[in-house]
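What's in my_file.tsv: TSV, C-alpha atoms
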chain	number	residue	atom	x	y	z
S	1	MET	CA	-66.21	-10.66	-30.46
S	2	THR	CA	-62.51	-10.18	-29.84
S	3	PHE	CA	-60.49	-12.05	-32.48
S	4	SER	CA	-56.76	-11.99	-33.09
S	5	LYS	CA	-54.84	-13.58	-35.95
S	6	THR	CA	-51.54	-13.18	-34.13
S	7	GLU	CA	-52.30	-15.57	-31.27
S	8	SER	CA	-49.85	-18.48	-31.19
S	9	GLU	CA	-50.70	-22.07	-30.30
S	10	LYS	CA	-48.98	-21.45	-26.97
S	11	GLN	CA	-51.44	-18.66	-26.27
S	12	ILE	CA	-54.32	-20.98	-27.19
S	13	THR	CA	-52.90	-23.56	-24.78
S	14	ASP	CA	-52.65	-20.92	-22.06
S	15	ARG	CA	-56.27	-19.93	-22.64
S	16	ILE	CA	-57.39	-23.56	-22.45
S	17	ARG	CA	-55.58	-23.85	-19.14
S	18	ARG	CA	-57.39	-20.73	-17.94
S	19	VAL	CA	-60.75	-22.18	-18.99
S	20	LEU	CA	-60.07	-25.34	-17.00
S	21	ASP	CA	-58.83	-23.38	-13.97
S	22	ASP	CA	-61.91	-21.15	-14.05
S	23	GLY	CA	-64.31	-24.05	-14.46
S	24	SER	CA	-65.78	-22.46	-17.58
S	25	VAL	CA	-66.38	-23.89	-21.07
S	26	ALA	CA	-64.81	-23.27	-24.47
S	27	VAL	CA	-64.74	-24.86	-27.92
S	28	LEU	CA	-61.52	-25.67	-29.74
S	29	VAL	CA	-61.79	-25.78	-33.53
S	30	THR	CA	-59.11	-27.55	-35.58
S	31	LEU	CA	-58.93	-27.38	-39.37
S	32	LEU	CA	-58.40	-30.91	-40.70
S	33	GLU	CA	-58.94	-30.41	-44.44
S	34	ALA	CA	-59.56	-27.32	-46.57
S	35	GLU	CA	-58.88	-25.66	-49.89
S	36	ALA	CA	-58.82	-22.34	-48.02
S	37	GLY	CA	-56.94	-22.03	-44.74
S	38	HIS	CA	-54.10	-23.99	-43.17
S	39	PRO	CA	-54.72	-27.62	-42.10
S	40	GLY	CA	-53.78	-28.04	-38.46
S	41	ALA	CA	-54.65	-24.42	-37.65
S	42	LYS	CA	-56.79	-23.83	-34.55
S	43	LEU	CA	-59.07	-21.28	-32.97
S	44	LEU	CA	-60.71	-21.17	-29.57
S	45	LEU	CA	-64.05	-19.64	-28.59
S	46	ASN	CA	-65.07	-19.23	-24.93
S	47	GLU	CA	-68.42	-18.64	-23.24
S	48	SER	CA	-68.11	-14.87	-23.22
S	49	GLY	CA	-67.63	-14.80	-27.00
S	50	GLU	CA	-63.91	-14.09	-26.92
S	51	GLY	CA	-61.81	-15.97	-29.44
S	52	CYS	CA	-58.20	-16.48	-30.35
S	53	GLY	CA	-56.36	-18.26	-33.12
S	54	ASP	CA	-56.79	-18.29	-36.88
S	55	LEU	CA	-57.78	-20.97	-39.41
S	56	GLY	CA	-56.17	-19.00	-42.22
S	57	ASP	CA	-59.31	-17.78	-43.98
S	58	ALA	CA	-61.67	-15.03	-42.81
S	59	LEU	CA	-64.85	-16.67	-44.11
S	60	LEU	CA	-63.86	-19.98	-42.56
S	61	ASN	CA	-63.15	-18.26	-39.24
S	62	GLN	CA	-66.61	-16.65	-39.20
S	63	ALA	CA	-68.40	-19.88	-40.10
S	64	ALA	CA	-66.43	-21.87	-37.52
S	65	ILE	CA	-67.19	-19.35	-34.77
S	66	ALA	CA	-70.92	-19.47	-35.55
S	67	ALA	CA	-70.90	-23.29	-35.46
S	68	ALA	CA	-68.82	-23.34	-32.27
S	69	ARG	CA	-71.60	-21.55	-30.40
S	70	THR	CA	-73.80	-24.61	-30.90
S	71	PHE	CA	-71.19	-26.77	-29.19
S	72	LEU	CA	-70.89	-24.25	-26.35
S	73	ASN	CA	-74.60	-24.57	-25.66
S	74	GLY	CA	-74.88	-28.32	-26.24
S	75	ARG	CA	-73.60	-31.56	-24.72
S	76	VAL	CA	-71.62	-32.99	-27.63
S	77	GLU	CA	-67.96	-33.40	-26.62
S	78	ALA	CA	-66.40	-33.63	-30.09
S	79	LYS	CA	-67.55	-33.83	-33.69
S	80	ALA	CA	-66.01	-33.38	-37.14
S	81	LEU	CA	-68.16	-31.44	-39.62
S	82	ARG	CA	-67.85	-30.72	-43.31
S	83	GLY	CA	-68.39	-27.15	-44.44
S	84	ARG	CA	-71.61	-28.12	-46.19
S	85	GLU	CA	-73.00	-28.97	-42.72
S	86	PHE	CA	-71.94	-25.86	-40.76
S	87	ALA	CA	-71.87	-23.33	-43.63
S	88	PRO	CA	-74.27	-24.54	-46.35
S	89	GLU	CA	-74.56	-21.05	-47.85
S	90	ALA	CA	-70.79	-20.79	-48.48
S	91	GLU	CA	-70.00	-23.14	-51.38
S	92	SER	CA	-66.27	-22.40	-51.16
S	93	LEU	CA	-66.19	-24.01	-47.70
S	94	HIS	CA	-68.20	-27.14	-48.48
S	95	ASP	CA	-65.15	-29.43	-48.61
S	96	SER	CA	-63.56	-28.01	-45.48
S	97	LEU	CA	-63.42	-30.41	-42.54
S	98	LEU	CA	-63.34	-29.01	-39.00
S	99	LEU	CA	-63.07	-30.78	-35.67
S	100	PHE	CA	-65.06	-29.13	-32.87
S	101	GLU	CA	-64.04	-30.10	-29.32
S	102	ARG	CA	-65.82	-28.93	-26.18
S	103	ILE	CA	-63.25	-27.94	-23.53
S	104	GLU	CA	-64.31	-28.23	-19.89
S	105	ARG	CA	-63.24	-29.78	-16.62
S	106	GLU	CA	-63.61	-33.49	-15.98
S	107	PRO	CA	-67.04	-34.17	-14.49
S	108	ARG	CA	-67.26	-33.87	-10.73
S	109	LEU	CA	-69.79	-35.32	-8.34
S	110	ILE	CA	-70.40	-33.92	-4.88
S	111	VAL	CA	-72.18	-36.39	-2.60
S	112	ALA	CA	-73.70	-34.87	0.54
S	113	GLY	CA	-74.20	-37.70	3.00
S	114	ALA	CA	-71.91	-40.67	3.58
S	115	GLY	CA	-74.46	-43.26	4.62
S	116	HIS	CA	-74.94	-46.53	2.72
S	117	VAL	CA	-76.33	-44.86	-0.42
S	118	GLY	CA	-73.86	-41.97	-0.40
S	119	ALA	CA	-70.84	-44.24	0.07
S	120	SER	CA	-72.05	-46.58	-2.68
S	121	LEU	CA	-72.66	-43.65	-5.02
S	122	ALA	CA	-69.20	-42.20	-4.37
S	123	ARG	CA	-67.53	-45.54	-5.13
S	124	LEU	CA	-69.55	-46.13	-8.30
S	125	ALA	CA	-69.01	-42.60	-9.62
S	126	ALA	CA	-65.26	-42.84	-9.04
S	127	LEU	CA	-65.25	-46.14	-10.92
S	128	VAL	CA	-66.79	-44.56	-14.04
S	129	GLY	CA	-64.41	-41.60	-14.03
S	130	TYR	CA	-65.98	-38.83	-11.96
S	131	GLN	CA	-63.92	-36.75	-9.57
S	132	VAL	CA	-65.80	-37.32	-6.34
S	133	ALA	CA	-66.11	-35.43	-3.07
S	134	LEU	CA	-67.99	-37.20	-0.28
S	135	ILE	CA	-69.19	-34.92	2.51
S	136	ASP	CA	-70.61	-35.69	5.95
S	137	ASP	CA	-70.63	-34.11	9.39
S	138	ARG	CA	-69.78	-37.47	11.00
S	139	ALA	CA	-66.05	-38.12	10.84
S	140	GLU	CA	-66.48	-41.83	11.59
S	141	PHE	CA	-68.30	-42.26	8.27
S	142	LEU	CA	-65.35	-40.84	6.34
S	143	THR	CA	-62.35	-42.86	7.49
S	144	ARG	CA	-59.95	-43.83	4.72
S	145	GLU	CA	-60.20	-47.47	5.86
S	146	LEU	CA	-63.78	-47.49	4.56
S	147	PHE	CA	-62.55	-46.37	1.14
S	148	SER	CA	-59.43	-48.41	0.65
S	149	GLY	CA	-59.84	-49.65	-2.94
S	150	LYS	CA	-57.60	-48.42	-5.73
S	151	THR	CA	-60.32	-46.34	-7.38
S	152	GLU	CA	-61.74	-45.22	-4.05
S	153	GLN	CA	-58.46	-43.54	-3.13
S	154	SER	CA	-59.46	-40.80	-5.58
S	155	ILE	CA	-62.53	-39.91	-3.50
S	156	ASP	CA	-62.04	-36.69	-1.55
S	157	LEU	CA	-63.41	-37.20	1.97
S	158	ILE	CA	-64.64	-33.98	3.60
S	159	VAL	CA	-65.77	-33.70	7.21
S	160	ALA	CA	-68.24	-30.83	7.34
S	161	LYS	CA	-68.31	-28.47	10.29
S	162	SER	CA	-70.91	-26.59	8.27
S	163	TRP	CA	-72.82	-28.27	5.45
S	164	SER	CA	-73.20	-24.95	3.67
S	165	ASP	CA	-69.51	-24.03	3.82
S	166	ALA	CA	-68.38	-27.52	2.83
S	167	LEU	CA	-70.69	-27.63	-0.20
S	168	HIS	CA	-69.82	-24.13	-1.39
S	169	GLN	CA	-66.14	-24.96	-1.25
S	170	ALA	CA	-66.53	-28.35	-2.95
S	171	ILE	CA	-68.83	-27.12	-5.73
S	172	GLY	CA	-66.80	-24.04	-6.62
S	173	LYS	CA	-68.17	-22.33	-9.74
S	174	GLY	CA	-70.55	-25.17	-10.45
S	175	ARG	CA	-69.62	-26.02	-14.05
S	176	SER	CA	-69.33	-29.73	-14.87
S	177	VAL	CA	-70.52	-30.41	-11.32
S	178	SER	CA	-73.37	-32.64	-10.16
S	179	VAL	CA	-74.61	-32.71	-6.57
S	180	ALA	CA	-76.48	-35.59	-4.95
S	181	ILE	CA	-78.04	-34.83	-1.55
S	182	VAL	CA	-78.45	-38.11	0.30
S	183	THR	CA	-78.30	-37.03	3.94
S	184	ARG	CA	-80.02	-38.57	6.94
S	185	GLY	CA	-82.73	-35.98	7.65
S	186	HIS	CA	-84.81	-32.92	6.75
S	187	LYS	CA	-82.53	-30.42	8.48
S	188	GLN	CA	-79.43	-31.63	6.66
S	189	ASP	CA	-81.33	-31.77	3.35
S	190	GLU	CA	-82.46	-28.16	3.78
S	191	ASP	CA	-78.99	-26.90	4.63
S	192	CYS	CA	-77.45	-28.73	1.68
S	193	LEU	CA	-80.11	-27.66	-0.81
S	194	ARG	CA	-79.87	-23.99	0.18
S	195	ALA	CA	-76.12	-24.02	-0.38
S	196	THR	CA	-76.31	-26.06	-3.57
S	197	ILE	CA	-78.96	-23.99	-5.35
S	198	SER	CA	-77.02	-20.79	-4.76
S	199	ALA	CA	-73.89	-22.40	-6.30
S	200	GLN	CA	-75.83	-23.40	-9.46
S	201	PRO	CA	-74.23	-26.73	-10.42
S	202	ASP	CA	-75.28	-28.55	-13.58
S	203	TYR	CA	-77.36	-31.10	-11.69
S	204	ILE	CA	-79.01	-31.28	-8.27
S	205	GLY	CA	-80.70	-34.40	-6.94
S	206	MET	CA	-82.17	-35.06	-3.49
S	207	ILE	CA	-83.07	-38.45	-2.07
S	208	GLY	CA	-86.25	-39.19	-0.17
S	209	SER	CA	-89.92	-39.94	-0.66
S	210	LYS	CA	-92.15	-37.49	-2.53
S	211	ARG	CA	-93.53	-36.36	0.81
S	212	ARG	CA	-90.13	-35.74	2.35
S	213	THR	CA	-88.68	-33.96	-0.65
S	214	ASN	CA	-91.81	-31.82	-1.09
S	215	ILE	CA	-91.57	-30.71	2.53
S	216	VAL	CA	-88.03	-29.47	1.92
S	217	LEU	CA	-88.86	-27.84	-1.43
S	218	ASP	CA	-91.98	-26.15	-0.04
S	219	LYS	CA	-89.99	-24.71	2.86
S	220	LEU	CA	-87.36	-23.24	0.54
S	221	ARG	CA	-90.08	-21.88	-1.72
S	222	ALA	CA	-91.64	-20.15	1.30
S	223	GLU	CA	-88.22	-18.68	2.12
S	224	GLY	CA	-88.18	-16.93	-1.24
S	225	PHE	CA	-86.06	-19.23	-3.39
S	226	ASP	CA	-86.71	-18.92	-7.11
S	227	PRO	CA	-89.45	-21.44	-8.04
S	228	ASP	CA	-87.80	-22.02	-11.43
S	229	GLU	CA	-84.54	-23.01	-9.73
S	230	LEU	CA	-86.39	-25.34	-7.37
S	231	LYS	CA	-88.07	-27.03	-10.35
S	232	LYS	CA	-84.62	-28.08	-11.58
S	233	VAL	CA	-84.04	-30.20	-8.48
S	234	ARG	CA	-84.45	-33.91	-9.22
S	235	ALA	CA	-86.50	-35.06	-6.26
S	236	PRO	CA	-86.89	-37.86	-5.56
S	237	VAL	CA	-83.51	-38.41	-7.17
S	238	GLY	CA	-82.67	-41.13	-9.70
S	239	LEU	CA	-84.10	-43.14	-12.58
S	240	ASP	CA	-87.00	-45.50	-12.01
S	241	ILE	CA	-85.25	-48.90	-12.19
S	242	GLY	CA	-87.00	-50.49	-9.22
S	243	ALA	CA	-83.92	-50.03	-7.04
S	244	VAL	CA	-84.01	-51.57	-3.55
S	245	SER	CA	-80.49	-52.00	-2.16
S	246	PRO	CA	-78.17	-49.02	-1.49
S	247	GLU	CA	-76.02	-50.08	-4.43
S	248	GLU	CA	-79.03	-50.21	-6.74
S	249	VAL	CA	-80.20	-46.79	-5.55
S	250	ALA	CA	-76.70	-45.47	-6.22
S	251	LEU	CA	-76.88	-46.91	-9.74
S	252	ALA	CA	-80.25	-45.22	-10.33
S	253	ILE	CA	-78.85	-41.87	-9.19
S	254	LEU	CA	-75.68	-42.10	-11.26
S	255	GLY	CA	-77.70	-43.19	-14.29
S	256	GLU	CA	-79.75	-40.01	-14.05
S	257	ILE	CA	-76.63	-37.89	-13.61
S	258	VAL	CA	-75.00	-39.41	-16.71
S	259	ALA	CA	-78.22	-38.99	-18.71
S	260	GLU	CA	-78.36	-35.32	-17.74
S	261	ARG	CA	-74.73	-34.78	-18.67
S	262	ARG	CA	-74.92	-36.62	-21.99
S	263	GLY	CA	-78.39	-35.53	-22.98
S	264	GLY	CA	-79.83	-39.04	-22.69
S	265	LYS	CA	-83.52	-39.76	-22.15
S	266	GLY	CA	-83.08	-42.51	-19.57
S	267	GLY	CA	-85.41	-44.98	-21.29
S	268	SER	CA	-84.79	-48.36	-22.82
S	269	LEU	CA	-82.71	-48.50	-26.01
S	270	SER	CA	-84.66	-51.52	-27.23
S	271	HIS	CA	-87.53	-50.87	-29.63
S	272	TRP	CA	-87.71	-54.41	-30.94
S	273	ARG	CA	-91.01	-56.22	-30.58
S	274	ARG	CA	-92.14	-59.67	-31.68

Write-out of the structure in C-alpha cells:
Amino acid sequence: MTFSKTESEKQITDRIRRVLDDGSVAVLVTLLEAEAGHPGAKLLLNESGEGCGDLGDALLNQAAIAAARTFLNGRVEAKALRGREFAPEAESLHDSLLLFERIEREPRLIVAGAGHVGASLARLAALVGYQVALIDDRAEFLTRELFSGKTEQSIDLIVAKSWSDALHQAIGKGRSVSVAIVTRGHKQDEDCLRATISAQPDYIGMIGSKRRTNIVLDKLRAEGFDPDELKKVRAPVGLDIGAVSPEEVALAILGEIVAERRGGKGGSLSHWRR
C-alpha cells in the first residue's frame, strides 16, 4: 500500500473529492482519543489500497488500515471503535478511539420506464433522499408538469432515443447506483437489462411475472451473458408485501432497494408473540 505521512488535510479533502467524482468508495479514519497519536488526525484508504494521512503512530496506522478494509467491503456508513475491538492483540492501542466513515456518493436510483409504477417509484425515492433519473422513450410521459412537486423537481427526466445509451449514461460507473426496470414490454426489458448488467450497478430489479421475467433472463442467458450476473437480478422485483396499486408496488421495490443497500433482511422486526 502507498502511505505518506506528509499528506495534509487539504490533500485528504482533494482525494475525497476525487473518490466522489469517480464514483468509487473510500474510508476516512479520524482519531478521537488516544495515548499514542494525535487526536483529530485523519487517514484515508481507498478501494485500490492506496492511503494518505497519518494518525501519528505507526502501529495505530497499521491497525486502522486493516480495520478500514472491513468498512470498504461492508455496508456500515460510520462507526466508532475502541482499539480493543479493532486491534485486540495490541494492548497499547486498547484505549484508542477511532471513527470510521465510509465515503461514497449519495445513493442514486435509475428508473427505466415512466408508467404508473415507474413514476410512483421515482417520486417515492426522491422523497427518501435518492438522486433519481427517470427514463422513458415516450416524451409525453416525462413532462415537468407531471413532476411538479418540490421534491419531484430533483428527478432527472431523460427521454431515451436508445434505452441502452440512456442507461449507460445515467448509470455511469455503477457505484451507489440501483436500477429498477419497469418498462412496458419484453423488448424494452431486454434492451434495458443488457445495458444495465454490463454497467454493473449495486442493484438490478426487473418488474413482471415470473413467466415474463424468466423469458427475458433465459434469452440473455442464451446470448451468452454470465449466469452468475443474471442470478443477481431481482426478478420479479420488490419485497412481498401484497402490493396491488402502483404506489404500493413502488413501495415494495424501494423497500428491497433500501434493504440491499443497508444490509437488511426485509422481514418483520417484530418477534413478540403472546

List every residue of segment 79-162 of chain S that has an atom at most 9 Å from any atom of segment 13-20 of chain S, and for each one report the closest atom pair and its distance in Å to one decimal, counting all atoms listed in the file, with rows sorted by chain and then by increasing residue number, as CSV.
residue,atom,partner,partner_atom,distance
S:Ile103,CA,S:Ile16,CA,7.4
S:Glu104,CA,S:Leu20,CA,5.9
S:Arg105,CA,S:Leu20,CA,5.5
S:Glu106,CA,S:Leu20,CA,8.9

- Item | Point (-71.4, -36.8, -24.8) neighbourhood (10 Å, only C-alpha atoms) written as a PyMOL selection string | chain S and resi 74-78+102+258-259+261-264

- Which residue of S:Lys210, S:Arg234, S:Lys161, S:His168 approaches Ile181 of chain S most closely, using all atoms listed in the file: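 When distances to Ile181 of chain S are compared using all atoms listed in the file, the smallest one comes from S:Arg234.
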
- Item | Shell of 12 Å around Glu229 of chain S, all atoms listed in the file, local chain residues under 2 positions omitted, as a list in words | Leu193, Arg194, Thr196, Ile197, Ser198, Ala199, Gln200, Pro201, Asp202, Tyr203, Ile204, Leu217, Leu220, Arg221, Gly224, Phe225, Asp226, Pro227, Lys231, Lys232, Val233 and Arg234 of chain S

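Between Asp156 of chain S and the candidates S:Ala58, S:Leu109, S:Val128, S:Ala66, the tightest atom-to-atom separation, counting only C-alpha atoms, involves S:Leu109.
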
May I have the residues within 8 Å of His116 of chain S as an mmCIF file with C-alpha atoms, in the frame of the given file, using only C-alpha atoms and disregarding those fewer than 3 positions away in the same chain?
data_model
loop_
_atom_site.group_PDB
_atom_site.id
_atom_site.type_symbol
_atom_site.label_atom_id
_atom_site.label_comp_id
_atom_site.auth_asym_id
_atom_site.auth_seq_id
_atom_site.Cartn_x
_atom_site.Cartn_y
_atom_site.Cartn_z
ATOM 1 C CA ALA S 119 -70.840 -44.240 0.070
ATOM 2 C CA SER S 120 -72.050 -46.580 -2.680
ATOM 3 C CA PRO S 246 -78.170 -49.020 -1.490
#
